[in-house]
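Raw target.txt, compact mmCIF, C-alpha atoms:
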```txt
# COMPACT_ATOMS: atom_id res chain seq x y z
CA MET B 183 -50.27 -21.36 65.39
CA ASP B 184 -48.68 -22.63 62.19
CA LYS B 185 -51.97 -24.16 61.17
CA ASP B 186 -53.69 -20.79 61.75
CA ALA B 187 -51.04 -19.22 59.53
CA ASP B 188 -51.79 -21.84 56.86
CA LEU B 189 -55.48 -20.96 56.93
CA LYS B 190 -54.62 -17.27 56.72
CA ASN B 191 -52.40 -18.03 53.73
CA LEU B 192 -55.23 -19.94 52.13
CA GLU B 193 -57.53 -16.94 52.53
CA LYS B 194 -54.80 -14.61 51.30
CA ARG B 195 -54.23 -16.80 48.23
CA ALA B 196 -57.95 -16.75 47.44
CA TYR B 197 -58.01 -12.99 47.93
CA LYS B 198 -54.93 -12.31 45.83
CA SER B 199 -56.26 -14.44 42.99
CA THR B 200 -58.94 -11.77 42.47
CA PHE B 201 -56.18 -9.42 41.20
CA GLU B 202 -54.77 -11.86 38.65
CA ASP B 203 -56.93 -10.46 35.85
CA GLY B 204 -54.81 -7.28 35.46
CA LEU B 205 -57.92 -5.09 35.28
CA TRP B 206 -56.75 -2.84 38.13
CA ASP B 207 -53.42 -2.24 36.29
CA LEU B 208 -55.30 -1.54 33.07
CA PHE B 209 -57.78 0.79 34.79
CA LEU B 210 -55.18 2.82 36.70
CA GLY B 211 -52.90 2.91 33.64
CA MET B 212 -55.76 4.43 31.65
CA ILE B 213 -56.53 6.98 34.38
CA ILE B 214 -52.86 8.06 34.56
CA SER B 215 -52.38 8.14 30.79
CA GLY B 216 -55.53 10.31 30.56
CA PHE B 217 -53.47 13.26 31.81
CA GLY B 218 -50.99 12.54 29.03
CA ILE B 219 -53.62 12.90 26.31
CA ALA B 220 -55.55 15.83 27.79
CA TRP B 221 -53.61 18.19 25.48
CA ILE B 222 -55.70 16.88 22.58
CA GLY B 223 -58.24 19.43 23.81
CA ASP B 224 -55.79 22.18 22.76
CA LEU B 225 -55.43 20.66 19.30
CA MET B 226 -59.21 20.73 18.99
CA SER B 227 -59.12 24.43 20.00
CA LEU B 228 -61.15 23.73 23.11
CA PRO B 229 -60.81 26.35 25.87
CA GLY B 230 -58.21 25.54 28.61
CA THR B 231 -59.70 23.73 31.62
CA LEU B 232 -62.97 22.92 29.84
CA GLY B 233 -60.98 21.28 27.04
CA THR B 234 -59.13 19.11 29.55
CA ILE B 235 -62.43 18.08 31.15
CA ILE B 236 -64.02 17.33 27.75
CA ILE B 237 -61.13 14.96 26.96
CA LEU B 238 -60.64 13.49 30.42
CA LEU B 239 -64.27 12.84 31.32
CA PRO B 240 -65.12 10.41 28.48
CA TRP B 241 -61.66 8.82 28.79
CA ASN B 242 -62.24 8.15 32.50
CA VAL B 243 -65.78 6.91 31.81
CA ILE B 244 -64.32 4.47 29.24
CA SER B 245 -61.72 3.36 31.83
CA ILE B 246 -64.43 2.68 34.43
CA LEU B 247 -66.54 0.85 31.83
CA ILE B 248 -63.59 -1.36 30.80
CA PHE B 249 -62.95 -2.18 34.46
CA THR B 250 -66.55 -2.96 35.44
CA LEU B 251 -67.49 -4.76 32.22
CA GLY B 252 -64.20 -6.66 32.31
CA LYS B 253 -64.94 -7.86 35.83
CA LYS B 254 -68.48 -8.81 34.85
CA TYR B 255 -67.88 -10.50 31.49
CA ILE B 256 -64.27 -11.74 31.72
CA THR B 257 -63.26 -12.25 35.36
CA ILE B 258 -66.40 -13.53 37.09
CA PRO B 259 -67.41 -16.11 34.44
CA ARG B 260 -63.88 -17.55 34.50
CA MET B 261 -62.84 -17.16 38.11
CA GLY B 262 -66.17 -17.26 39.92
CA ILE B 263 -67.46 -15.29 42.86
CA VAL B 264 -66.11 -15.20 46.39
CA LYS B 265 -67.40 -13.31 49.42
CA PHE B 266 -64.82 -12.75 52.09
CA GLY B 267 -65.32 -12.63 55.85
CA LYS B 268 -65.87 -9.83 58.36
CA ARG B 269 -62.18 -8.92 58.57
CA ARG B 270 -62.10 -7.97 54.88
CA LYS B 271 -65.33 -6.00 55.26
CA ARG B 272 -63.82 -4.05 58.17
CA GLN B 273 -60.70 -3.43 56.08
CA ARG B 274 -62.88 -2.05 53.28
CA LEU B 275 -64.59 0.33 55.72
CA VAL B 276 -61.24 1.59 57.02
CA LEU B 277 -60.12 2.03 53.41
CA ILE B 278 -63.16 4.15 52.56
CA ILE B 279 -62.61 6.34 55.65
CA LEU B 280 -58.90 6.81 54.84
CA LEU B 281 -59.62 7.65 51.21
CA ALA B 282 -62.32 10.14 52.26
CA LEU B 283 -59.81 11.77 54.63
CA ASN B 284 -57.27 11.90 51.82
CA VAL B 285 -59.76 13.56 49.44
CA PHE B 286 -60.61 16.07 52.20
CA PHE B 287 -56.92 16.75 52.80
CA ALA B 288 -56.27 17.19 49.06
CA LEU B 289 -59.21 19.63 48.82
CA VAL B 290 -57.86 21.65 51.76
CA MET B 291 -54.45 21.77 50.07
CA LEU B 292 -56.09 22.89 46.81
CA ILE B 293 -58.00 25.69 48.57
CA LEU B 294 -54.87 26.81 50.42
CA PHE B 295 -52.96 26.71 47.13
CA SER B 296 -55.60 28.77 45.30
CA PHE B 297 -55.39 31.44 48.04
CA GLY B 298 -51.63 31.63 47.53
CA THR B 299 -50.78 30.20 50.96
CA PHE B 300 -47.71 28.38 49.65
CA GLU B 301 -46.22 31.32 47.75
CA ASP B 302 -44.21 32.35 50.81
CA LEU B 303 -42.60 28.91 50.93
CA ASP B 304 -40.87 29.68 47.63
CA LEU B 305 -41.04 26.11 46.35
CA SER B 306 -39.57 25.39 42.95
CA GLY B 307 -41.93 24.05 40.26
CA VAL B 308 -40.23 20.65 40.26
CA PHE B 309 -40.43 20.25 44.03
CA PHE B 310 -44.02 21.46 44.13
CA ALA B 311 -44.99 18.99 41.37
CA LEU B 312 -43.43 16.23 43.42
CA ILE B 313 -45.48 17.17 46.52
CA ILE B 314 -48.75 17.47 44.55
CA GLY B 315 -48.16 14.12 42.84
CA LEU B 316 -47.41 12.40 46.12
CA LEU B 317 -50.47 13.89 47.78
CA ILE B 318 -53.10 13.30 45.13
CA ILE B 319 -51.83 10.09 43.51
CA THR B 320 -49.21 8.27 45.61
CA VAL B 321 -50.85 8.53 49.06
CA PRO B 322 -54.38 7.37 48.05
CA LEU B 323 -53.03 4.59 45.83
CA MET B 324 -50.65 3.46 48.59
CA ILE B 325 -53.59 3.34 51.02
CA LEU B 326 -55.54 1.36 48.44
CA GLY B 327 -52.57 -0.99 47.92
CA ILE B 328 -52.14 -1.62 51.65
CA ALA B 329 -55.86 -2.13 52.23
CA LEU B 330 -56.27 -4.45 49.26
CA GLN B 331 -52.90 -6.17 49.89
CA PHE B 332 -52.32 -5.57 46.19
CA TYR B 333 -48.59 -4.98 46.10
CA ARG B 334 -48.25 -4.05 42.40
CA LEU B 335 -50.25 -0.97 43.31
CA TYR B 336 -47.25 0.39 45.26
CA ILE B 337 -45.25 0.66 42.03
CA ILE B 338 -48.20 2.28 40.24
CA ALA B 339 -48.62 4.67 43.21
CA ILE B 340 -44.97 5.74 43.25
CA LEU B 341 -44.50 6.09 39.48
CA GLY B 342 -47.97 7.59 38.96
CA GLY B 343 -47.33 10.15 41.71
CA MET B 344 -44.01 11.12 40.15
CA CYS B 345 -45.59 11.91 36.76
CA PHE B 346 -46.08 15.61 37.65
CA PHE B 347 -42.44 15.70 38.71
CA PHE B 348 -41.27 14.02 35.48
CA SER B 349 -43.36 16.39 33.35
CA GLU B 350 -41.65 19.34 35.06
CA LEU B 351 -38.28 17.76 34.25
CA TRP B 352 -39.24 17.10 30.62
CA TYR B 353 -40.75 20.53 29.99
CA PRO B 354 -37.50 22.51 29.46
CA LEU B 355 -36.26 19.78 27.10
CA VAL B 356 -39.28 18.96 24.95
CA GLY B 357 -41.91 21.59 25.80
CA SER B 358 -45.66 21.11 25.83
CA PRO B 359 -47.46 18.73 25.14
CA PHE B 360 -44.59 16.21 24.94
CA ASP B 361 -43.72 16.77 28.60
CA MET B 362 -47.13 15.34 29.59
CA LEU B 363 -47.02 12.65 26.92
CA LEU B 364 -43.57 11.45 28.04
CA SER B 365 -44.53 11.41 31.71
CA PHE B 366 -48.21 10.52 32.15
CA GLY B 367 -48.65 8.95 28.71
CA LEU B 368 -45.55 6.77 28.93
CA ILE B 369 -45.98 5.60 32.53
CA GLY B 370 -49.75 5.11 32.14
CA GLY B 371 -49.08 3.27 28.87
CA CYS B 372 -46.64 0.91 30.62
CA PHE B 373 -49.33 -0.01 33.15
CA ILE B 374 -51.88 -0.51 30.35
CA VAL B 375 -49.47 -2.94 28.63
CA LEU B 376 -48.78 -4.68 31.97
CA GLY B 377 -52.53 -4.96 32.61
CA LEU B 378 -53.12 -6.43 29.14
CA ILE B 379 -50.34 -8.99 29.67
CA PHE B 380 -51.93 -10.03 32.98
CA LEU B 381 -55.35 -10.12 31.34
CA PHE B 382 -54.18 -12.41 28.51
CA ARG B 383 -52.41 -14.66 31.02
CA PHE B 384 -55.58 -14.75 33.10
CA ILE B 385 -57.75 -15.70 30.10
CA HIS B 386 -55.26 -18.44 29.21
CA LYS B 387 -55.07 -19.72 32.81
CA TYR B 388 -58.81 -19.64 33.44
CA PRO B 389 -60.73 -20.81 30.38
CA LYS B 390 -64.48 -20.26 30.41
CA PRO B 391 -66.02 -23.23 32.25
CA THR B 392 -68.63 -25.51 30.79
CA GLU B 393 -72.30 -25.26 31.79
CA GLU B 394 -71.96 -28.22 34.20
CA VAL B 395 -69.28 -26.48 36.23
CA VAL B 396 -71.32 -23.30 36.48
CA ASP B 397 -74.25 -25.34 37.70
CA GLY B 398 -72.22 -27.57 40.00
CA ASN B 399 -74.27 -30.64 39.03
CA MET S 191 -47.80 -52.14 81.83
CA ALA S 192 -51.30 -50.99 82.77
CA THR S 193 -50.34 -47.35 82.05
CA ASP S 194 -48.96 -48.28 78.61
CA LYS S 195 -52.21 -50.06 77.76
CA ASN S 196 -54.24 -47.03 78.92
CA ASP S 197 -52.13 -44.70 76.75
CA SER S 198 -52.52 -46.98 73.77
CA ASP S 199 -56.29 -47.16 74.32
CA LYS S 200 -56.45 -43.36 74.50
CA GLU S 201 -54.53 -43.05 71.19
CA ILE S 202 -56.83 -45.54 69.49
CA GLN S 203 -59.86 -43.72 70.87
CA SER S 204 -58.53 -40.36 69.60
CA ILE S 205 -57.91 -41.80 66.14
CA THR S 206 -61.37 -43.35 65.91
CA GLU S 207 -62.92 -40.02 66.92
CA ILE S 208 -61.50 -38.30 63.82
CA ASP S 209 -64.28 -37.06 61.54
CA LYS S 210 -63.99 -39.37 58.53
CA ILE S 211 -66.13 -37.16 56.34
CA ILE S 212 -63.64 -34.30 56.65
CA HIS S 213 -60.57 -36.53 56.77
CA GLU S 214 -60.68 -37.38 53.05
CA PRO S 215 -58.03 -35.07 51.42
CA ALA S 216 -60.29 -33.55 48.75
CA ARG S 217 -63.06 -32.85 51.27
CA LEU S 218 -60.53 -31.41 53.72
CA LEU S 219 -59.35 -29.07 50.96
CA ILE S 220 -62.94 -28.03 50.26
CA MET S 221 -63.69 -27.49 53.97
CA ALA S 222 -60.50 -25.44 54.49
CA ASN S 223 -61.23 -23.25 51.47
CA LEU S 224 -64.80 -22.62 52.58
CA TYR S 225 -63.76 -22.06 56.20
CA VAL S 226 -61.65 -18.97 55.38
CA VAL S 227 -64.40 -17.11 53.50
CA ASP S 228 -68.08 -16.31 53.88
CA SER S 229 -69.05 -18.09 50.68
CA MET S 230 -67.81 -18.84 47.18
CA ASP S 231 -69.37 -20.22 44.04
CA PHE S 232 -68.64 -23.56 42.42
CA ILE S 233 -66.24 -22.10 39.83
CA PHE S 234 -64.14 -20.26 42.39
CA LEU S 235 -63.89 -23.37 44.57
CA LYS S 236 -62.97 -25.47 41.55
CA ASN S 237 -60.17 -23.03 40.64
CA GLN S 238 -58.88 -22.95 44.21
CA THR S 239 -58.90 -26.70 44.77
CA GLN S 240 -57.94 -27.75 41.21
CA LEU S 241 -60.36 -30.69 41.50
CA THR S 242 -62.30 -31.90 38.48
CA TRP S 243 -65.92 -30.77 38.42
CA GLY S 244 -67.24 -34.31 38.85
CA ASN S 245 -64.98 -34.98 41.80
CA LEU S 246 -65.82 -31.66 43.39
CA SER S 247 -69.53 -32.15 42.83
CA SER S 248 -69.57 -35.60 44.46
CA HIS S 249 -67.59 -34.41 47.51
CA ILE S 250 -69.84 -31.37 47.88
CA SER S 251 -72.85 -33.69 47.86
CA LYS S 252 -71.32 -35.76 50.68
CA LEU S 253 -70.54 -32.66 52.71
CA GLU S 254 -74.03 -31.32 52.07
CA THR S 255 -75.59 -34.60 53.21
CA ALA S 256 -73.48 -34.44 56.39
CA GLY S 257 -74.88 -30.96 57.01
CA TYR S 258 -71.47 -29.30 56.74
CA VAL S 259 -71.97 -27.36 53.52
CA ASN S 260 -74.84 -25.18 52.46
CA VAL S 261 -75.53 -25.35 48.70
CA ASP S 262 -77.52 -22.41 47.41
CA LYS S 263 -78.66 -22.88 43.82
CA SER S 264 -80.03 -19.91 41.94
CA TYR S 265 -80.11 -18.37 38.47
CA LYS S 266 -78.04 -15.48 37.20
CA GLY S 267 -80.03 -14.40 34.21
CA LYS S 268 -80.66 -17.68 32.43
CA LYS S 269 -77.58 -19.42 33.80
CA PRO S 270 -77.64 -21.63 36.89
CA HIS S 271 -75.37 -20.50 39.70
CA THR S 272 -74.30 -22.39 42.81
CA MET S 273 -73.03 -20.63 45.94
CA LEU S 274 -71.37 -22.69 48.66
CA SER S 275 -70.75 -21.91 52.31
CA LEU S 276 -70.03 -23.78 55.51
CA THR S 277 -72.93 -24.25 57.90
CA GLU S 278 -72.40 -23.51 61.60
CA GLU S 279 -72.23 -27.27 62.08
CA GLY S 280 -69.58 -27.47 59.35
CA ARG S 281 -67.48 -24.73 60.96
CA THR S 282 -67.64 -26.44 64.35
CA ALA S 283 -66.83 -29.81 62.78
CA PHE S 284 -63.82 -28.34 60.96
CA LEU S 285 -62.49 -26.74 64.16
CA ASN S 286 -63.02 -29.98 66.08
CA TYR S 287 -61.28 -31.92 63.32
CA ARG S 288 -58.24 -29.63 63.52
CA LYS S 289 -58.15 -29.94 67.30
CA LYS S 290 -58.52 -33.69 67.19
CA MET S 291 -55.82 -34.12 64.53
CA LYS S 292 -53.41 -31.98 66.53
CA GLN S 293 -54.15 -34.08 69.60
CA VAL S 294 -53.62 -37.35 67.72
CA LEU S 295 -50.35 -36.15 66.18
CA ASP S 296 -49.13 -34.96 69.58
CA GLU S 297 -49.97 -38.29 71.15
CA ILE S 298 -48.22 -40.42 68.52
```
For this file, produce the structure as structure tokens.
Amino acid sequence: MDKDADLKNLEKRAYKSTFEDGLWDLFLGMIISGFGIAWIGDLMSLPGTLGTIIILLPWNVISILIFTLGKKYITIPRMGIVKFGKRRKRQRLVLIILLALNVFFALVMLILFSFGTFEDLDLSGVFFALIIGLLIITVPLMILGIALQFYRLYIIAILGGMCFFFSELWYPLVGSPFDMLLSFGLIGGCFIVLGLIFLFRFIHKYPKPTEEVVDGN
Amino acid sequence: MATDKNDSDKEIQSITEIDKIIHEPARLLIMANLYVVDSMDFIFLKNQTQLTWGNLSSHISKLETAGYVNVDKSYKGKKPHTMLSLTEEGRTAFLNYRKKMKQVLDEI
């Protein structure tokens, strides 16, 4: 049994090494901090929701590009490629189903909210912000963290989910847009810095191999 | 006395049945790393095992000759790329090796 555990640990070590590059931290940090800079749309006199989308959409596209190009041009050439077994593939399928259920649940909540279903509950703004944050950020990221066995994601999930709550706390003190900047911007920024530290450590730990190594001859 | 001799013979037989190709530490490390995944490329295996590329390459060749490792060479753009995986024979051999080693260690 111990030897089975050793093999499992070996697989786990190989799997975990794929998160050493810090690109997930960087990517999620950018997504979270996006909410903190969405107010730039107001400065540019862009209309409300459309302004937020105009700022957030390219920001999120840049985040996705950094993640995918980083994996392609930084991680894979240095770390190599690994394809895991059936267990990991099953885990990925379960993850997709759970995330789809979460998106469905969040949409139902949004529809119920827009029809004023929760008005009777008389929730305070701070408490409501906490629930929304937990539902749309913490729960999906926690699921992702469990499925990927990527434990740093738990911290990102909890702090990221509490950003709405923090912005509600900041608002009476600093007003808009500093409430968003000090919640989403600051927390997202911390994860960006953390991701960059991991990325630099990764580049230092895994130098680009020579042609012979790539070839294996 | 006869029983002791039989036991000793059994132990010697078990030890001689150990797969010497896998028994070498570097090759055992390679086999174990490949056993827990579907496949990995040369760079990933090198990072996991911390072997030098020359060492790794020569052990891979031996395992390939034994029919334990499948070496799939291809090109990614203009760069050569080598994917490695255990063959069915390699997986069976690794499992048998583990079983045999356990048996030998229990008997000693």
message: Ranking B:Met344, B:Gly267, B:Ala329, B:Arg383 by minimum distance to B:Ile279 and counting all atoms listed in the file, which one comes first?
response: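 Of B:Met344, B:Gly267, B:Ala329, B:Arg383, the one nearest B:Ile279 is B:Ala329, counting all atoms listed in the file.
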query: With distances taken over all atoms listed in the file, which of B:Asp203, B:Asp361, B:Ile340, B:Leu316 is nearest to B:Tyr255?
result: B:Asp203
task: Name the residues, using the chain letters and numbers of the file, that sit within 12 Å of (-72.8, -31.1, 49.1) when counting all atoms listed in the file, and give them as JSON, numbers by chain.
output: {"B": [398, 399], "S": [211, 217, 220, 221, 232, 245, 246, 247, 248, 249, 250, 251, 252, 253, 254, 255, 256, 257, 258, 259, 260, 261, 262, 263, 272, 273, 274, 275, 276, 277, 280]}
Padding of 6 Å on every side, edges along x, y and z, all listed atoms of stretch 192-204 of chain B included: what centre and edge lengths in Å, to one decimal, does that box have, as AutoDock Vina command-line options?
```
--center_x -56.6 --center_y -13.6 --center_z 44.0 --size_x 16.7 --size_y 24.7 --size_z 29.1
```
query: If we count all atoms listed in the file, which residues of chain S reach to within 7 Å of chain B? Please list them as number ranges by chain.
result: S: 223, 226-234, 237, 243, 247, 270-272
- prompt: Near S:Asp209, within 10 Å and counting only C-alpha atoms, which residues show up once chain neighbours fewer than 6 positions away are dropped, as an MDAnalysis selection string?
  reply: chainID S and resid 283:284 286:288 290:291
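Atom CA of B:Trp221 is found 18.1 Å from atom CA of B:Gly342.
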message: Would you compute the distance between atom CA of B:Phe382 and atom CA of B:Trp206? Give it in Å to one decimal.
response: 13.8 Å
